[in-house]
Amino acid sequence: MSRLTDDLNDPQRAAVTHGTGPLLVLAGAGSGKTRVLTYRIAYLLANDKARDTEITAVTFTNKAALEMRERVENLLGQPLRGGFVGTFHRWSLEILRRDPEAAGLPRRFVIADTDEQRQMIKRELKKLGLDPKEHPPRALLGRISGLVNRGASQSSFANGSSDSQSELLATIWKGYEARKKAAGAVDFDDMLVLARDVLKSHAEIRSRIQDRARWLLVDEFQDTNALQMDLLELVLAGERNLTAVGDEDQSIYRWRGAEMDNILAFERHFPGSSVVKLEENYRSTAPILAASGALIAANQRRRGKTLFTSHEGGEDVRLYIGADERAEARWVADRFQELQRRHSLGEMAVLMRTNAQTRSFEEELTRRHMAHRVVGGLRFWQRAEVKDALAYLRLVIRADDTIAFERVVNVPTRGIGAATIDILRGHADHDGTTMVEAARRLPAELAPRARISLERFFQILDEARDKRAELDPGDLVGWLLEASGLLAMYDGDSEEKTARRENLQQLAAAVAEAAQRGQELEAFLDAIALLEEHDDDDAPEAITLMTLHAAKGLEFDVVELAGFEDGLLPHANSRDEPESLEEERRLAYVGMTRARRWLAMTVARSRFLFGTRVPTRPSRFLVDLPEDRYTDVSDTALPIPAAGLSEGGRTAGGLPRRPRPPARRAKKAAATVIDETGQGWRPGDRIRHGRFGTGVVLACQGTGPRLKLVVFFDRAGRKTLVPTIAKLERL
DNA sequence: GCTTGCGGTATTTTT
DNA sequence: TACCGCAAGC
């Protein structure tokens, strides 16, 4: 099969044709990572080194999996049967669905999504009499997830927790586990945990999976966490044919538990492994590579690669510093208008650190009637009306789905409020059954209205279950939407209601389409639980606005990296710790390397943040870029900060994670601040307040009697004060 | 049970 | 500033 290896360069070919044993492919940005992965699969199959049932290829996103499968099938000229190409979660889920009992799960367990997780934590807090404001469910779940992904379990954590803080977490966690169990639900992390446990404890299942993963390929290896590593090690047997492809310089999910050591210390994890570096870049021009390469070279934690290209020339990388975010957006829109002569709008992107930054660009592009789309907005499957409809569907399939029941028993409202739910929950707890069971029995103390409503509710579900036999799934959903009254909820012709009705119809269409593909309703529900994102990229001729995280894996002719400022990139919350600062640098690197032909970074000298205009300064990452790697095209030449100057300040994005006392530093930073107010207060001043203690002035709003100060107090956090009323002492 | 208004908060979010 | 979630009030 020479055709397969002909169009590869030497290192690529070495990776593709590698024999048995672990292989790490260090694939620089744009070096043909997916190509190596897909060619390797095709090569193994075409040369009878592997049977298709022995191929397992794991990715992080459904999109990547889909692309991989398609490209392999294109190479092979036929569909790939038997093998597995999918995400870690789907892989785990398949193991669990096949043998739920092995994992101690009910046969028809459900997947709890983020909302449902939060709901359960909230209930638990309420039960414990804790204030959700003091213990934000989001943060609690984050901590639990972090622990789980590092290999902990509720019980192991509870045993090891000594201080009251961790004991509290252990208690909440325990309740959370109990709730999931009662609901027959697993969360995203559980899928991996349980799959790992099953593989560990059930030799026959393990051996089956090991056979299926005789050739195991893992994409984006830099993003794997400890749990995923456990999983991989469990299924690697005999020849240990792991092909891991990744790039430590593009590791941007540390905060989600990604463990860079998996790639940095690959050889230690997998003795006897080979390593191939892909350093020839086929994506970007030389100037873009030179600039991004200089930036990432400043990182310590990396194995080190130097990307090169055989293509000469290319436009300079530009830096533009504008007065504010409007000037920034204007400049970008101007450039994109010019560039439109050579590049389509679909090949242009504005990338940024935070979602909030899209705003000024949306406004400017709308004003100019330039087509654009924001990636990462509300997701189809996350919309309330869609989730409601899905909950009905879930109840049809699995009558005792407590989560779904609670979600829609009163949607549309039918007089079943908190009081009714409490009664039902009381019965369920008392009898040791589910709420749905309790509701079915229609306890006597229910209000008459609630009884009637519940009866009707169950009638609808029962009828739907009967209809399952006669209607095809799409029609079943249609019927359910009518019968439940979900559709009627959005009667009317306001834009919002119409949109919601359309979403519901779209859902019915999606179900019908899945059925046509031969997918069972159960499988369909699983699929969308795993696929939070709705992949409809059907507006290609538009400028893309998105976060740097969302941009990973994509490429565009024209890329603009917006908000190249200290506080934003690196983000204020991630610049103190060296490890996270390096991750911020990688984030910038990912952004820059998305560009094929044209790249610019822009800075707004002031930004509207938290209700105030805050001065900013260019990113400290500029210091990593030698001046000949970019061209400053700002209207007025503004000085670029020296290394370290931007440390610890309160600049854009602005609140220091831990306010630091030294007045010396505050003074120094204040000198760079433009605004100064009549009252003699200015950003950077250290002050003392009777109640809040000491703090630092972040910004001044208004003048004269309307003057307000935004102060960040060391202990009390951010407050807005009127200096003439609040007694402030200047330090 | 639904609406309104207040207070608190303000990264990134593959599944 | 802008949004979200919750508590009070209709």
# chains A, B, ... in the order shown; residues from 1 in each chain; ligands from 1
call {"tool": "closest_atom_pairs", "arguments": {"of": "chain A", "to": "chain C", "cutoff": "12 Å", "atoms": "only C-alpha atoms (C1' of nucleotides)", "output": "CSV"}}
result
residue,atom,partner,partner_atom,distance
A:Asp131,CA,C:DC6,C1',11.7
A:Pro132,CA,C:DG5,C1',10.5
A:Lys133,CA,C:DG5,C1',10.0
A:Pro136,CA,C:DG5,C1',11.7
A:Ala356,CA,C:DA2,C1',10.3
A:Arg359,CA,C:DA2,C1',11.7
A:Arg607,CA,C:DT1,C1',11.8
A:Phe608,CA,C:DT1,C1',8.2
A:Leu609,CA,C:DT1,C1',7.5
A:Phe610,CA,C:DT1,C1',6.0
A:Gly611,CA,C:DT1,C1',4.3
A:Thr612,CA,C:DT1,C1',7.8
A:Arg613,CA,C:DT1,C1',10.2
call {"tool": "write_last_selection", "arguments": {"atoms": "N, CA, C and O atoms", "output": "compact mmCIF listing (two decimals), in the first residue's frame"}}
result
# COMPACT_ATOMS: atom_id res chain seq x y z
N ASP A 131 -26.00 27.39 52.94
CA ASP A 131 -26.33 28.46 52.00
C ASP A 131 -25.60 28.25 50.68
O ASP A 131 -24.37 28.21 50.64
N PRO A 132 -26.35 28.10 49.59
CA PRO A 132 -25.70 27.87 48.29
C PRO A 132 -24.82 29.05 47.85
O PRO A 132 -24.01 28.90 46.95
N LYS A 133 -25.02 30.19 48.50
CA LYS A 133 -24.18 31.33 48.12
C LYS A 133 -22.80 31.19 48.72
O LYS A 133 -21.81 31.61 48.15
N PRO A 136 -21.04 27.61 46.54
CA PRO A 136 -21.61 27.55 45.20
C PRO A 136 -21.54 26.14 44.63
O PRO A 136 -20.46 25.54 44.59
N ALA A 356 -17.09 37.28 27.04
CA ALA A 356 -17.62 38.64 27.14
C ALA A 356 -16.99 39.57 26.11
O ALA A 356 -17.59 40.55 25.69
N ARG A 359 -18.55 40.95 22.52
CA ARG A 359 -19.55 42.01 22.41
C ARG A 359 -19.18 43.15 21.47
O ARG A 359 -19.91 43.47 20.55
N ARG A 607 -10.62 49.33 29.01
CA ARG A 607 -11.70 48.42 28.78
C ARG A 607 -12.80 48.67 29.78
O ARG A 607 -12.53 49.03 30.93
N PHE A 608 -14.02 48.49 29.37
CA PHE A 608 -15.15 48.65 30.25
C PHE A 608 -15.38 47.32 30.96
O PHE A 608 -15.72 46.33 30.35
N LEU A 609 -15.13 47.33 32.25
CA LEU A 609 -15.20 46.09 33.01
C LEU A 609 -15.95 46.29 34.29
O LEU A 609 -15.67 47.24 35.03
N PHE A 610 -16.86 45.41 34.61
CA PHE A 610 -17.61 45.50 35.86
C PHE A 610 -18.18 46.89 36.06
O PHE A 610 -18.16 47.43 37.16
N GLY A 611 -18.62 47.49 35.00
CA GLY A 611 -19.26 48.78 35.16
C GLY A 611 -18.35 49.98 35.19
O GLY A 611 -18.79 51.10 35.33
N THR A 612 -17.06 49.76 35.09
CA THR A 612 -16.14 50.90 35.08
C THR A 612 -15.14 50.77 33.95
O THR A 612 -14.86 49.67 33.49
N ARG A 613 -14.62 51.89 33.56
CA ARG A 613 -13.57 51.87 32.55
C ARG A 613 -12.24 51.68 33.26
O ARG A 613 -11.90 52.43 34.18
call {"tool": "interface_residues", "arguments": {"of": "chain B", "to": "chain A", "cutoff": "10 Å", "atoms": "only C-alpha atoms (C1' of nucleotides)", "output": "list in words"}}
result
DG1, DG8, DT9, DA10, DT11, DT12, DT13, DT14 and DT15 of chain B
call {"tool": "write_last_selection", "arguments": {"atoms": "C-alpha atoms (C1' of nucleotides)", "output": "compact mmCIF listing (two decimals), in the first residue's frame"}}
result
# COMPACT_ATOMS: atom_id res chain seq x y z
C1' DG B 1 -47.57 29.75 40.77
C1' DG B 8 -24.23 39.28 44.33
C1' DT B 9 -21.03 38.17 40.77
C1' DA B 10 -18.17 38.59 36.98
C1' DT B 11 -12.28 32.70 33.00
C1' DT B 12 -11.66 29.05 30.05
C1' DT B 13 -15.91 24.33 29.94
C1' DT B 14 -13.72 18.77 24.93
C1' DT B 15 -17.96 15.07 27.75
call {"tool": "select_by_dssp", "arguments": {"residues": "region 165-293 of chain A", "states": "helix (DSSP H, G or I)", "output": "JSON, numbers by chain"}}
result
{"A": [165, 166, 167, 168, 169, 170, 171, 172, 173, 174, 175, 176, 177, 178, 179, 180, 181, 182, 183, 188, 189, 190, 191, 192, 193, 194, 195, 196, 197, 198, 199, 200, 201, 203, 204, 205, 206, 207, 208, 209, 210, 211, 212, 221, 222, 223, 226, 227, 228, 229, 230, 231, 232, 233, 234, 235, 248, 249, 250, 254, 255, 256, 261, 262, 263, 264, 266, 267, 268, 269, 286, 287, 288, 289, 290, 291, 292, 293]}
call {"tool": "write_last_selection", "arguments": {"atoms": "C-alpha atoms", "output": "PDB file, in the first residue's frame"}}
result
ATOM      1  CA  GLN A 165     -13.521  22.224  55.096  1.00  0.00           C
ATOM      2  CA  SER A 166     -12.833  18.853  53.551  1.00  0.00           C
ATOM      3  CA  GLU A 167     -15.168  17.127  55.946  1.00  0.00           C
ATOM      4  CA  LEU A 168     -17.918  19.368  54.736  1.00  0.00           C
ATOM      5  CA  LEU A 169     -17.074  18.606  51.148  1.00  0.00           C
ATOM      6  CA  ALA A 170     -16.987  14.911  51.961  1.00  0.00           C
ATOM      7  CA  THR A 171     -20.471  15.156  53.452  1.00  0.00           C
ATOM      8  CA  ILE A 172     -21.907  16.992  50.480  1.00  0.00           C
ATOM      9  CA  TRP A 173     -20.159  14.620  48.150  1.00  0.00           C
ATOM     10  CA  LYS A 174     -21.599  11.638  49.962  1.00  0.00           C
ATOM     11  CA  GLY A 175     -25.096  13.036  49.626  1.00  0.00           C
ATOM     12  CA  TYR A 176     -24.470  13.727  45.972  1.00  0.00           C
ATOM     13  CA  GLU A 177     -23.403  10.146  45.372  1.00  0.00           C
ATOM     14  CA  ALA A 178     -26.506   8.909  47.183  1.00  0.00           C
ATOM     15  CA  ARG A 179     -28.728  11.105  45.055  1.00  0.00           C
ATOM     16  CA  LYS A 180     -27.212   9.886  41.855  1.00  0.00           C
ATOM     17  CA  LYS A 181     -27.628   6.339  43.023  1.00  0.00           C
ATOM     18  CA  ALA A 182     -31.266   6.910  43.951  1.00  0.00           C
ATOM     19  CA  ALA A 183     -31.910   8.439  40.559  1.00  0.00           C
ATOM     20  CA  PHE A 188     -19.725  12.427  33.107  1.00  0.00           C
ATOM     21  CA  ASP A 189     -16.905  11.568  35.442  1.00  0.00           C
ATOM     22  CA  ASP A 190     -18.681   8.475  36.713  1.00  0.00           C
ATOM     23  CA  MET A 191     -18.639   7.022  33.250  1.00  0.00           C
ATOM     24  CA  LEU A 192     -14.872   6.909  33.263  1.00  0.00           C
ATOM     25  CA  VAL A 193     -14.597   5.913  36.891  1.00  0.00           C
ATOM     26  CA  LEU A 194     -17.056   3.065  36.583  1.00  0.00           C
ATOM     27  CA  ALA A 195     -15.604   1.848  33.318  1.00  0.00           C
ATOM     28  CA  ARG A 196     -12.206   1.768  34.959  1.00  0.00           C
ATOM     29  CA  ASP A 197     -13.551  -0.096  37.959  1.00  0.00           C
ATOM     30  CA  VAL A 198     -15.318  -2.614  35.782  1.00  0.00           C
ATOM     31  CA  LEU A 199     -12.167  -3.233  33.794  1.00  0.00           C
ATOM     32  CA  LYS A 200     -10.218  -3.639  36.982  1.00  0.00           C
ATOM     33  CA  SER A 201     -12.547  -6.062  38.666  1.00  0.00           C
ATOM     34  CA  ALA A 203     -11.152 -10.009  34.002  1.00  0.00           C
ATOM     35  CA  GLU A 204     -13.377 -11.291  31.221  1.00  0.00           C
ATOM     36  CA  ILE A 205     -14.651  -7.843  30.316  1.00  0.00           C
ATOM     37  CA  ARG A 206     -11.148  -6.464  30.512  1.00  0.00           C
ATOM     38  CA  SER A 207      -9.829  -9.099  28.225  1.00  0.00           C
ATOM     39  CA  ARG A 208     -12.583  -8.487  25.699  1.00  0.00           C
ATOM     40  CA  ILE A 209     -11.819  -4.774  25.651  1.00  0.00           C
ATOM     41  CA  GLN A 210      -8.102  -5.458  25.474  1.00  0.00           C
ATOM     42  CA  ASP A 211      -8.663  -7.529  22.362  1.00  0.00           C
ATOM     43  CA  ARG A 212     -10.691  -4.772  20.819  1.00  0.00           C
ATOM     44  CA  PHE A 221      -2.791  13.109  24.483  1.00  0.00           C
ATOM     45  CA  GLN A 222      -1.683  16.270  26.291  1.00  0.00           C
ATOM     46  CA  ASP A 223      -5.223  16.644  27.560  1.00  0.00           C
ATOM     47  CA  ALA A 226      -5.011  10.579  35.561  1.00  0.00           C
ATOM     48  CA  LEU A 227      -8.309   8.770  35.249  1.00  0.00           C
ATOM     49  CA  GLN A 228      -8.057   8.438  31.503  1.00  0.00           C
ATOM     50  CA  MET A 229      -4.497   7.265  31.905  1.00  0.00           C
ATOM     51  CA  ASP A 230      -5.721   4.523  34.256  1.00  0.00           C
ATOM     52  CA  LEU A 231      -8.200   3.464  31.649  1.00  0.00           C
ATOM     53  CA  LEU A 232      -5.556   3.341  28.938  1.00  0.00           C
ATOM     54  CA  GLU A 233      -3.153   1.350  31.045  1.00  0.00           C
ATOM     55  CA  LEU A 234      -5.854  -1.168  31.877  1.00  0.00           C
ATOM     56  CA  VAL A 235      -6.608  -1.966  28.286  1.00  0.00           C
ATOM     57  CA  GLU A 248       2.335  19.692  25.174  1.00  0.00           C
ATOM     58  CA  ASP A 249       2.415  23.252  23.871  1.00  0.00           C
ATOM     59  CA  GLN A 250      -1.288  23.015  23.193  1.00  0.00           C
ATOM     60  CA  ARG A 254      -4.991  21.828  33.103  1.00  0.00           C
ATOM     61  CA  TRP A 255      -7.809  23.448  35.050  1.00  0.00           C
ATOM     62  CA  ARG A 256      -9.976  20.533  33.987  1.00  0.00           C
ATOM     63  CA  ASP A 261       3.108  14.773  32.777  1.00  0.00           C
ATOM     64  CA  ASN A 262       1.384  12.112  30.752  1.00  0.00           C
ATOM     65  CA  ILE A 263       3.124  13.490  27.709  1.00  0.00           C
ATOM     66  CA  LEU A 264       6.220  14.972  29.352  1.00  0.00           C
ATOM     67  CA  PHE A 266       5.628   9.376  28.487  1.00  0.00           C
ATOM     68  CA  GLU A 267       8.685   7.125  28.399  1.00  0.00           C
ATOM     69  CA  ARG A 268       8.492   6.596  32.116  1.00  0.00           C
ATOM     70  CA  HIS A 269       4.844   5.621  31.917  1.00  0.00           C
ATOM     71  CA  ALA A 286       7.107  31.756   8.189  1.00  0.00           C
ATOM     72  CA  PRO A 287       6.417  35.007  10.057  1.00  0.00           C
ATOM     73  CA  ILE A 288       3.529  33.422  11.941  1.00  0.00           C
ATOM     74  CA  LEU A 289       5.665  30.454  12.889  1.00  0.00           C
ATOM     75  CA  ALA A 290       8.525  32.708  13.941  1.00  0.00           C
ATOM     76  CA  ALA A 291       6.336  34.773  16.221  1.00  0.00           C
ATOM     77  CA  SER A 292       4.431  31.911  17.796  1.00  0.00           C
ATOM     78  CA  GLY A 293       7.601  29.872  18.132  1.00  0.00           C
TER      79      GLY A 293
END
call {"tool": "residues_around", "arguments": {"residues": "Arg330 (chain A)", "least_positions_apart": "3", "cutoff": "9 Å", "atoms": "only C-alpha atoms (C1' of nucleotides)", "output": "JSON, numbers by chain"}}
result
{"A": [325, 326, 327, 333, 334, 335, 361, 364, 365]}
call {"tool": "write_last_selection", "arguments": {"atoms": "all heavy atoms", "output": "PDB file, in the first residue's frame"}}
result
ATOM      1  N   GLU A 325     -11.945  49.196  23.512  1.00  0.00           N
ATOM      2  CA  GLU A 325     -12.404  48.019  22.784  1.00  0.00           C
ATOM      3  C   GLU A 325     -13.138  48.370  21.496  1.00  0.00           C
ATOM      4  O   GLU A 325     -13.174  47.577  20.557  1.00  0.00           O
ATOM      5  CB  GLU A 325     -13.254  47.106  23.671  1.00  0.00           C
ATOM      6  CG  GLU A 325     -14.510  47.713  24.239  1.00  0.00           C
ATOM      7  CD  GLU A 325     -14.244  48.377  25.590  1.00  0.00           C
ATOM      8  OE1 GLU A 325     -13.258  49.141  25.698  1.00  0.00           O
ATOM      9  OE2 GLU A 325     -15.017  48.129  26.531  1.00  0.00           O
ATOM     10  N   ARG A 326     -13.689  49.577  21.441  1.00  0.00           N
ATOM     11  CA  ARG A 326     -14.347  49.970  20.188  1.00  0.00           C
ATOM     12  C   ARG A 326     -13.318  50.221  19.099  1.00  0.00           C
ATOM     13  O   ARG A 326     -13.491  49.836  17.950  1.00  0.00           O
ATOM     14  CB  ARG A 326     -15.202  51.221  20.408  1.00  0.00           C
ATOM     15  CG  ARG A 326     -16.512  50.917  21.095  1.00  0.00           C
ATOM     16  CD  ARG A 326     -17.517  52.008  20.828  1.00  0.00           C
ATOM     17  NE  ARG A 326     -17.740  52.221  19.390  1.00  0.00           N
ATOM     18  CZ  ARG A 326     -18.438  53.228  18.899  1.00  0.00           C
ATOM     19  NH1 ARG A 326     -18.965  54.123  19.698  1.00  0.00           N
ATOM     20  NH2 ARG A 326     -18.598  53.337  17.599  1.00  0.00           N
ATOM     21  N   ALA A 327     -12.249  50.905  19.494  1.00  0.00           N
ATOM     22  CA  ALA A 327     -11.171  51.153  18.538  1.00  0.00           C
ATOM     23  C   ALA A 327     -10.576  49.832  18.063  1.00  0.00           C
ATOM     24  O   ALA A 327     -10.264  49.654  16.880  1.00  0.00           O
ATOM     25  CB  ALA A 327     -10.098  52.024  19.182  1.00  0.00           C
ATOM     26  N   ALA A 333     -12.249  45.319  12.016  1.00  0.00           N
ATOM     27  CA  ALA A 333     -13.250  45.324  10.947  1.00  0.00           C
ATOM     28  C   ALA A 333     -12.674  45.963   9.680  1.00  0.00           C
ATOM     29  O   ALA A 333     -12.903  45.479   8.566  1.00  0.00           O
ATOM     30  CB  ALA A 333     -14.502  46.054  11.404  1.00  0.00           C
ATOM     31  N   ASP A 334     -11.898  47.030   9.858  1.00  0.00           N
ATOM     32  CA  ASP A 334     -11.239  47.656   8.705  1.00  0.00           C
ATOM     33  C   ASP A 334     -10.352  46.655   7.979  1.00  0.00           C
ATOM     34  O   ASP A 334     -10.411  46.502   6.762  1.00  0.00           O
ATOM     35  CB  ASP A 334     -10.365  48.837   9.162  1.00  0.00           C
ATOM     36  CG  ASP A 334     -11.187  50.072   9.494  1.00  0.00           C
ATOM     37  OD1 ASP A 334     -12.369  50.131   9.077  1.00  0.00           O
ATOM     38  OD2 ASP A 334     -10.657  50.971  10.174  1.00  0.00           O
ATOM     39  N   ARG A 335      -9.513  45.990   8.766  1.00  0.00           N
ATOM     40  CA  ARG A 335      -8.583  45.030   8.154  1.00  0.00           C
ATOM     41  C   ARG A 335      -9.344  43.916   7.451  1.00  0.00           C
ATOM     42  O   ARG A 335      -9.020  43.537   6.334  1.00  0.00           O
ATOM     43  CB  ARG A 335      -7.678  44.406   9.215  1.00  0.00           C
ATOM     44  CG  ARG A 335      -6.744  45.373   9.948  1.00  0.00           C
ATOM     45  CD  ARG A 335      -5.672  45.968   9.062  1.00  0.00           C
ATOM     46  NE  ARG A 335      -6.147  47.095   8.259  1.00  0.00           N
ATOM     47  CZ  ARG A 335      -6.482  48.284   8.757  1.00  0.00           C
ATOM     48  NH1 ARG A 335      -6.439  48.522  10.049  1.00  0.00           N
ATOM     49  NH2 ARG A 335      -6.878  49.249   7.960  1.00  0.00           N
ATOM     50  N   PHE A 361     -17.068  43.325  19.222  1.00  0.00           N
ATOM     51  CA  PHE A 361     -16.915  42.886  17.834  1.00  0.00           C
ATOM     52  C   PHE A 361     -18.266  42.646  17.186  1.00  0.00           C
ATOM     53  O   PHE A 361     -18.491  43.014  16.044  1.00  0.00           O
ATOM     54  CB  PHE A 361     -16.054  41.629  17.778  1.00  0.00           C
ATOM     55  CG  PHE A 361     -14.617  41.912  18.099  1.00  0.00           C
ATOM     56  CD1 PHE A 361     -14.137  41.760  19.391  1.00  0.00           C
ATOM     57  CD2 PHE A 361     -13.756  42.383  17.122  1.00  0.00           C
ATOM     58  CE1 PHE A 361     -12.826  42.052  19.701  1.00  0.00           C
ATOM     59  CE2 PHE A 361     -12.437  42.675  17.421  1.00  0.00           C
ATOM     60  CZ  PHE A 361     -11.969  42.517  18.718  1.00  0.00           C
ATOM     61  N   GLU A 364     -19.684  46.038  16.273  1.00  0.00           N
ATOM     62  CA  GLU A 364     -19.018  46.667  15.134  1.00  0.00           C
ATOM     63  C   GLU A 364     -19.357  45.940  13.825  1.00  0.00           C
ATOM     64  O   GLU A 364     -19.662  46.574  12.815  1.00  0.00           O
ATOM     65  CB  GLU A 364     -17.505  46.690  15.358  1.00  0.00           C
ATOM     66  CG  GLU A 364     -16.725  47.458  14.315  1.00  0.00           C
ATOM     67  CD  GLU A 364     -17.096  48.937  14.255  1.00  0.00           C
ATOM     68  OE1 GLU A 364     -17.462  49.490  15.306  1.00  0.00           O
ATOM     69  OE2 GLU A 364     -17.030  49.532  13.162  1.00  0.00           O
ATOM     70  N   LEU A 365     -19.319  44.632  13.856  1.00  0.00           N
ATOM     71  CA  LEU A 365     -19.587  43.872  12.632  1.00  0.00           C
ATOM     72  C   LEU A 365     -21.047  44.011  12.210  1.00  0.00           C
ATOM     73  O   LEU A 365     -21.348  44.078  11.018  1.00  0.00           O
ATOM     74  CB  LEU A 365     -19.214  42.400  12.835  1.00  0.00           C
ATOM     75  CG  LEU A 365     -17.712  42.151  13.030  1.00  0.00           C
ATOM     76  CD1 LEU A 365     -17.445  40.693  13.390  1.00  0.00           C
ATOM     77  CD2 LEU A 365     -16.914  42.550  11.793  1.00  0.00           C
TER      78      LEU A 365
END
call {"tool": "select_by_dssp", "arguments": {"residues": "region 327-441 of chain A", "states": "strand (DSSP E or B)", "output": "ChimeraX atom specification"}}
result
/A:348-352,372-374
call {"tool": "atom_distance", "arguments": {"atom1": "CA of Glu116 (chain A)", "atom2": "CA of Ile403 (chain A)"}}
result
7.3 Å
call {"tool": "atom_distance", "arguments": {"atom1": "CA of Leu8 (chain A)", "atom2": "CA of Val36 (chain A)"}}
result
8.4 Å
call {"tool": "atom_distance", "arguments": {"atom1": "CA of Ala438 (chain A)", "atom2": "CA of Gly129 (chain A)"}}
result
24.9 Å
